[in-house]
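To start, the structure itself, in structure tokens.
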Amino acid sequence: MKMTSRSLSRAALASAFLATSLGVSLVLATSAGAATTLGASAAQTGRYFGTAVSAGKLGDSTYVNILNREFTMITPENEMKWDATEPNRGQFNYTGGDRILNQAVSTGKRVRGHALLWYQQEPGWAQRMEGSDLRQAMMNHVTQVATHYKGKLYSWDVVNEAFADGGSGARRDSNLQRTGNDWIEAAFRAARAADPSAKLCYNDYNTDGVNAKSTGIYNMVRDFKSRGVPIDCVGFQSHLTNSAPGDYQANLQRFADLGVEVQITELDISGSNQAAVYGTVTRACLAVARCAGLTVWGIRDSDSWRTGENPLLFDGSGNKKAAYNAVLDALNAGGTTTTPTTPTTPTTPTTPTTPTTTTTTTTPVPGDCSASVSLNSWNGGFVATVKVTAGSTALDGWRVTTVLPAGAAVTSAWNAGQTGSTGTVTWANVTYNGTVAAGQSTEFGFQGTGSGDGITAACAAS
Ligand code: G3I
């Protein structure tokens with residue numbers, strides 16, 4: 001429902017009364033006193049307004065002043081990508097990402113993590129890998145990085161730009177894709193197991209209207225929702241030139257109707273019609289209740305990756321452009337109110353309690369293998385991650401037997417073949433993770449309903 005200025009004023013008055021009675025202050029939008037920053041004006045409808053930030057610019061006072069004044073959400077432009085966070089296999093570097101996170105936390109802003117898996121900006125060592133070895137490295141990367149930032153991020157772009165341009169609606173070829181079509185869902189499951197509180201997003205470009213590429217992604221999201229793959233949000237990068245597709249809002253809405261949050265994630269617009277198009281995009285988000293916020297891909301034109309195109313809201317000197325005023329006016333005109341959602345897994349109850357993590361380890365059998373279970377639990381459901389560790393000799397195939405408590409049932413699984421879903425459930429390696437060197441480990445996981453407390457696991461070579 002689009003709010004009229006009269007209903008907005010009524011809502012504002014009601015909010016003011018509520019805020020006063022709760023003893024909190026609130027920035028209000030009224031025709032007499034509109035909010036004067038992007039963040040405050042977006043907050044009137046429950047939304048955030050964000051920007052990409054480069055850690056290397058946090059010493060630039062003009063940049064930081066605008067950042068602190070205008071924005072309520074930050075996306076690290078490069079610092080949380082694979083090449084930055086795992087420059088050598090198994091060696092993690094969170095310097096830049098932590099710097100941005102600390103800047104955000106100390107100024108009351110939130111952070112969108114970007115991006116766990118992307119075919120670009122892979123570190124050199126990963127670029128040279130394929131197949132099961134790469135799959136293992138990918139999932140380890142997701143698990144490690146999502147664990148490092150556990151509980152601290154608003155959302156994660158778990159997978160970035162995995163679909164091809166053009167009319168096929170198919171996946172893009174990459175070494176990630178060649179590890180098997182299930183790599184995206186495996187990544188989402190690993191991310192959820194590592195950080196149950198971050199919203200998990202798929203993010204892409206050229207998806208800003210209804211077209212073959214966005215429909216391919218739409219079909220994937222619909223499939224994920226129907227099978228209980230944990231996906232919470234879809235990011236629309238919106239790198240636009242001259243115009244937005246006429247069905248920009250309708251496209252956002254069709255994704256929202258699948259039950260996912262939608263986010264404008266990397267907005268920048270070039271061309272002489274820039275201000276008007278910024279207004280159009282902002283209004284489209286405001287009209288879609290599940291559109292949680294907008295992020296522009298940089299602060300000043302001189303910060304943009306689109307060198308020479310001047311596609312942002314501030315000029316190179318940090319002055320507000322006409323595009324800035326178009327966005328601010330659109331935000332102050334109001335729209336649907338968005339209500340924050342928390343990540344939920346479709347097959348679990350809608351009121352998760354604080355997840356708890358427990359680990360059970362079985363005794364290693366020399367020359368054989370051991371299995372340990374790490375459990376993320378919430379009210380009515382759980383994700384179990386099972387670590388299979390080879391003993392003193394290499395494994396060339398393994399089987400794990402898990403015993404679930406009464407009332408628990410497996411609803412989906414990844415990285416292992418499954419037999420049974422309640423009581424004693426057995427698991428076998430899949431093609432890419434049967435070979436495990438002596439003393440090394442591989443992981444599989446499953447999601448279930450009921451309580452997973454007390455799951456036991458035993459491993460045997462096969
Ligand atoms: O840090 C090195 C520096 O040491 C070196 O001297 C210099 C020489 O070229 O390169 C620097 O790295 C650059 C990095 O940005 C940091 O500035 C890379 O070359 C450059 O390729 C990289 O570009 C980034 C690009 O992603 C990589 O594809 C852009 O800053 C960043 O804005 C852009 O962001 C992407 C999103 O992540 C996904 N969607 C598209 C968007 C635009 O391409």
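Quick note on naming: the chains in the structure tokens go A, B, ... in the order shown, residues restart at 1 in each chain, and ligands are numbered from 1 in order of appearance.
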Please identify the residues whose atoms come within 9 Å of ligand 1, using only C-alpha atoms and all ligand atoms, and report them as a PyMOL selection string.
-> chain A and resi 52+54+56+76-79+81+114-115+118+120-121+160-161+203-205+237+239+265-266+297-298+303-306
What does the distance between CA of Ala371 (chain A) and CA of Gln144 (chain A) come to in Å, to one decimal place?
-> 19.2 Å
Write out as a ChimeraX atom specification each polymer residue whose atoms come within 7 Å of Val158 (chain A), counting only C-alpha atoms; drop sequence neighbours fewer than 6 positions from it.
-> /A:115-117,187-188,200-202
Only all heavy atoms, please: the residues just picked out, written as a PDB file, in the first residue's frame.
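Heads up, here's the output in again.pdb:
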```pdb
ATOM      1  N   ALA A 115      31.985 -10.661  -0.752  1.00  0.00           N
ATOM      2  CA  ALA A 115      31.076 -11.715  -1.122  1.00  0.00           C
ATOM      3  C   ALA A 115      31.846 -13.026  -0.870  1.00  0.00           C
ATOM      4  O   ALA A 115      33.050 -13.078  -1.135  1.00  0.00           O
ATOM      5  CB  ALA A 115      30.720 -11.604  -2.604  1.00  0.00           C
ATOM      6  N   LEU A 116      31.146 -14.051  -0.369  1.00  0.00           N
ATOM      7  CA  LEU A 116      31.875 -15.272   0.011  1.00  0.00           C
ATOM      8  C   LEU A 116      32.424 -16.012  -1.212  1.00  0.00           C
ATOM      9  O   LEU A 116      33.578 -16.403  -1.222  1.00  0.00           O
ATOM     10  CB  LEU A 116      30.969 -16.172   0.855  1.00  0.00           C
ATOM     11  CG  LEU A 116      30.694 -15.633   2.272  1.00  0.00           C
ATOM     12  CD1 LEU A 116      29.600 -16.434   2.961  1.00  0.00           C
ATOM     13  CD2 LEU A 116      31.974 -15.652   3.107  1.00  0.00           C
ATOM     14  N   LEU A 117      31.594 -16.211  -2.231  1.00  0.00           N
ATOM     15  CA  LEU A 117      32.067 -16.911  -3.434  1.00  0.00           C
ATOM     16  C   LEU A 117      31.703 -16.120  -4.680  1.00  0.00           C
ATOM     17  O   LEU A 117      30.539 -15.776  -4.881  1.00  0.00           O
ATOM     18  CB  LEU A 117      31.480 -18.330  -3.512  1.00  0.00           C
ATOM     19  CG  LEU A 117      31.970 -19.311  -2.442  1.00  0.00           C
ATOM     20  CD1 LEU A 117      31.260 -20.659  -2.596  1.00  0.00           C
ATOM     21  CD2 LEU A 117      33.486 -19.519  -2.497  1.00  0.00           C
ATOM     22  N   ALA A 187      26.946 -23.831  -0.657  1.00  0.00           N
ATOM     23  CA  ALA A 187      27.518 -22.624  -0.048  1.00  0.00           C
ATOM     24  C   ALA A 187      26.516 -21.974   0.919  1.00  0.00           C
ATOM     25  O   ALA A 187      26.886 -21.542   2.017  1.00  0.00           O
ATOM     26  CB  ALA A 187      27.914 -21.634  -1.142  1.00  0.00           C
ATOM     27  N   PHE A 188      25.264 -21.911   0.513  1.00  0.00           N
ATOM     28  CA  PHE A 188      24.260 -21.315   1.405  1.00  0.00           C
ATOM     29  C   PHE A 188      24.118 -22.140   2.684  1.00  0.00           C
ATOM     30  O   PHE A 188      23.980 -21.589   3.781  1.00  0.00           O
ATOM     31  CB  PHE A 188      22.910 -21.181   0.683  1.00  0.00           C
ATOM     32  CG  PHE A 188      22.796 -19.900  -0.109  1.00  0.00           C
ATOM     33  CD1 PHE A 188      23.359 -19.790  -1.374  1.00  0.00           C
ATOM     34  CD2 PHE A 188      22.143 -18.802   0.418  1.00  0.00           C
ATOM     35  CE1 PHE A 188      23.281 -18.599  -2.100  1.00  0.00           C
ATOM     36  CE2 PHE A 188      22.045 -17.607  -0.296  1.00  0.00           C
ATOM     37  CZ  PHE A 188      22.616 -17.500  -1.559  1.00  0.00           C
ATOM     38  N   LEU A 200      21.148 -14.473   4.279  1.00  0.00           N
ATOM     39  CA  LEU A 200      21.977 -15.024   3.213  1.00  0.00           C
ATOM     40  C   LEU A 200      21.405 -14.644   1.857  1.00  0.00           C
ATOM     41  O   LEU A 200      20.268 -15.003   1.530  1.00  0.00           O
ATOM     42  CB  LEU A 200      22.065 -16.549   3.364  1.00  0.00           C
ATOM     43  CG  LEU A 200      22.581 -17.026   4.736  1.00  0.00           C
ATOM     44  CD1 LEU A 200      22.674 -18.552   4.769  1.00  0.00           C
ATOM     45  CD2 LEU A 200      23.921 -16.401   5.088  1.00  0.00           C
ATOM     46  N   CYS A 201      22.204 -13.911   1.073  1.00  0.00           N
ATOM     47  CA  CYS A 201      21.725 -13.351  -0.196  1.00  0.00           C
ATOM     48  C   CYS A 201      22.437 -13.955  -1.408  1.00  0.00           C
ATOM     49  O   CYS A 201      23.617 -14.284  -1.348  1.00  0.00           O
ATOM     50  CB  CYS A 201      21.996 -11.850  -0.267  1.00  0.00           C
ATOM     51  SG  CYS A 201      21.325 -10.856   1.052  1.00  0.00           S
ATOM     52  N   TYR A 202      21.724 -13.994  -2.505  1.00  0.00           N
ATOM     53  CA  TYR A 202      22.307 -14.179  -3.833  1.00  0.00           C
ATOM     54  C   TYR A 202      22.325 -12.804  -4.493  1.00  0.00           C
ATOM     55  O   TYR A 202      21.324 -12.083  -4.454  1.00  0.00           O
ATOM     56  CB  TYR A 202      21.485 -15.176  -4.671  1.00  0.00           C
ATOM     57  CG  TYR A 202      22.079 -15.258  -6.063  1.00  0.00           C
ATOM     58  CD1 TYR A 202      23.190 -16.052  -6.293  1.00  0.00           C
ATOM     59  CD2 TYR A 202      21.583 -14.476  -7.108  1.00  0.00           C
ATOM     60  CE1 TYR A 202      23.801 -16.068  -7.545  1.00  0.00           C
ATOM     61  CE2 TYR A 202      22.182 -14.483  -8.354  1.00  0.00           C
ATOM     62  CZ  TYR A 202      23.293 -15.287  -8.571  1.00  0.00           C
ATOM     63  OH  TYR A 202      23.912 -15.289  -9.796  1.00  0.00           O
TER      64      TYR A 202
END
```
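Across the structure, CA of Asn175 (chain A) and CA of Glu130 (chain A) are spaced 5.8 Å apart.
Separating CA of Lys57 (chain A) from CA of Phe71 (chain A) is a distance of 15.5 Å.
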Return the single residue from A:Ala55, A:Cys233, A:Cys291, A:Ala408 that is closest to Asn102 (chain A), with distances computed using only C-alpha atoms.
-> A:Ala55
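Ranking A:Phe49, A:Tyr218, A:Phe446, A:Phe382 by their shortest atom-to-atom distance to Arg254 (chain A), with only C-alpha atoms included, puts A:Tyr218 first.
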Please provide as a PyMOL selection string all residues within 12 Å of Ala40 (chain A), with the sequence filter that same-chain residues fewer than 6 positions apart are discarded (counting only C-alpha atoms).
-> chain A and resi 26-29+34+46-50+68-73+109+328+331-332+334
Take the residues just selected and output them with C-alpha atoms as a PDB file, in the first residue's frame.
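Saved file part03.pdb follows:
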```
ATOM      1  CA  LEU A  26      12.731   9.273  16.667  1.00  0.00           C
ATOM      2  CA  VAL A  27      13.528  11.126  13.453  1.00  0.00           C
ATOM      3  CA  LEU A  28      10.209  11.933  11.835  1.00  0.00           C
ATOM      4  CA  ALA A  29       9.167  12.745   8.296  1.00  0.00           C
ATOM      5  CA  ALA A  34      11.634  16.175   6.386  1.00  0.00           C
ATOM      6  CA  GLY A  46      12.255   0.984   8.325  1.00  0.00           C
ATOM      7  CA  ARG A  47      14.872   0.845   5.590  1.00  0.00           C
ATOM      8  CA  TYR A  48      18.633   1.353   5.526  1.00  0.00           C
ATOM      9  CA  PHE A  49      20.626   3.452   3.090  1.00  0.00           C
ATOM     10  CA  GLY A  50      24.110   2.137   2.469  1.00  0.00           C
ATOM     11  CA  ASN A  68      29.196   9.085   9.004  1.00  0.00           C
ATOM     12  CA  ARG A  69      26.546  11.662   8.220  1.00  0.00           C
ATOM     13  CA  GLU A  70      24.560  10.001   5.456  1.00  0.00           C
ATOM     14  CA  PHE A  71      24.734   6.212   5.581  1.00  0.00           C
ATOM     15  CA  THR A  72      23.419   3.501   7.894  1.00  0.00           C
ATOM     16  CA  MET A  73      24.784   0.410   6.129  1.00  0.00           C
ATOM     17  CA  LYS A 109      26.034   1.302  11.235  1.00  0.00           C
ATOM     18  CA  LEU A 328      16.272  12.273  -0.527  1.00  0.00           C
ATOM     19  CA  LEU A 331      12.704   8.781   0.604  1.00  0.00           C
ATOM     20  CA  ASN A 332      10.946  11.635   2.400  1.00  0.00           C
ATOM     21  CA  GLY A 334       7.453   7.782   2.110  1.00  0.00           C
TER      22      GLY A 334
END
```
Contacts of Thr339 (chain A) within 8 Å, only C-alpha atoms, excl. fewer than 5 positions in-chain, as a list in words | Gly46, Ala289, Arg290 and Ala292 of chain A
Check region 131-268 of chain A with DSSP on the backbone and list each residue it calls helix (DSSP H, G or I), as JSON, numbers by chain.
-> {"A": [131, 132, 133, 134, 135, 136, 137, 138, 139, 140, 141, 142, 143, 144, 145, 146, 147, 148, 177, 178, 179, 183, 184, 185, 186, 187, 188, 189, 190, 191, 192, 193, 194, 212, 213, 214, 215, 216, 217, 218, 219, 220, 221, 222, 223, 224, 225, 226, 227, 248, 249, 250, 251, 252, 253, 254, 255, 256]}
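Taking region 47-158 of chain A and asking which residues DSSP calls strand (DSSP E) on the backbone, you get Tyr48, Phe49, Gly50, Thr51, Ala52, Val53, Met73, Ile74, Thr75, Pro76, Arg110, Val111, Arg112, Gly113, His114, Ala115, Leu116, Leu117, Trp118, Ser155, Trp156, Asp157 and Val158 of chain A.
Proximity ranking of A:Gly293, A:Gly167, A:Gly151, A:Gly423 relative to Thr207 (chain A) places A:Gly167 first, based on only C-alpha atoms.
Considering the residues A:Ile100, A:Ala198, A:Ala137, A:Leu240 and counting only C-alpha atoms, Asn273 (chain A) has its shortest atom-to-atom contact with A:Leu240.
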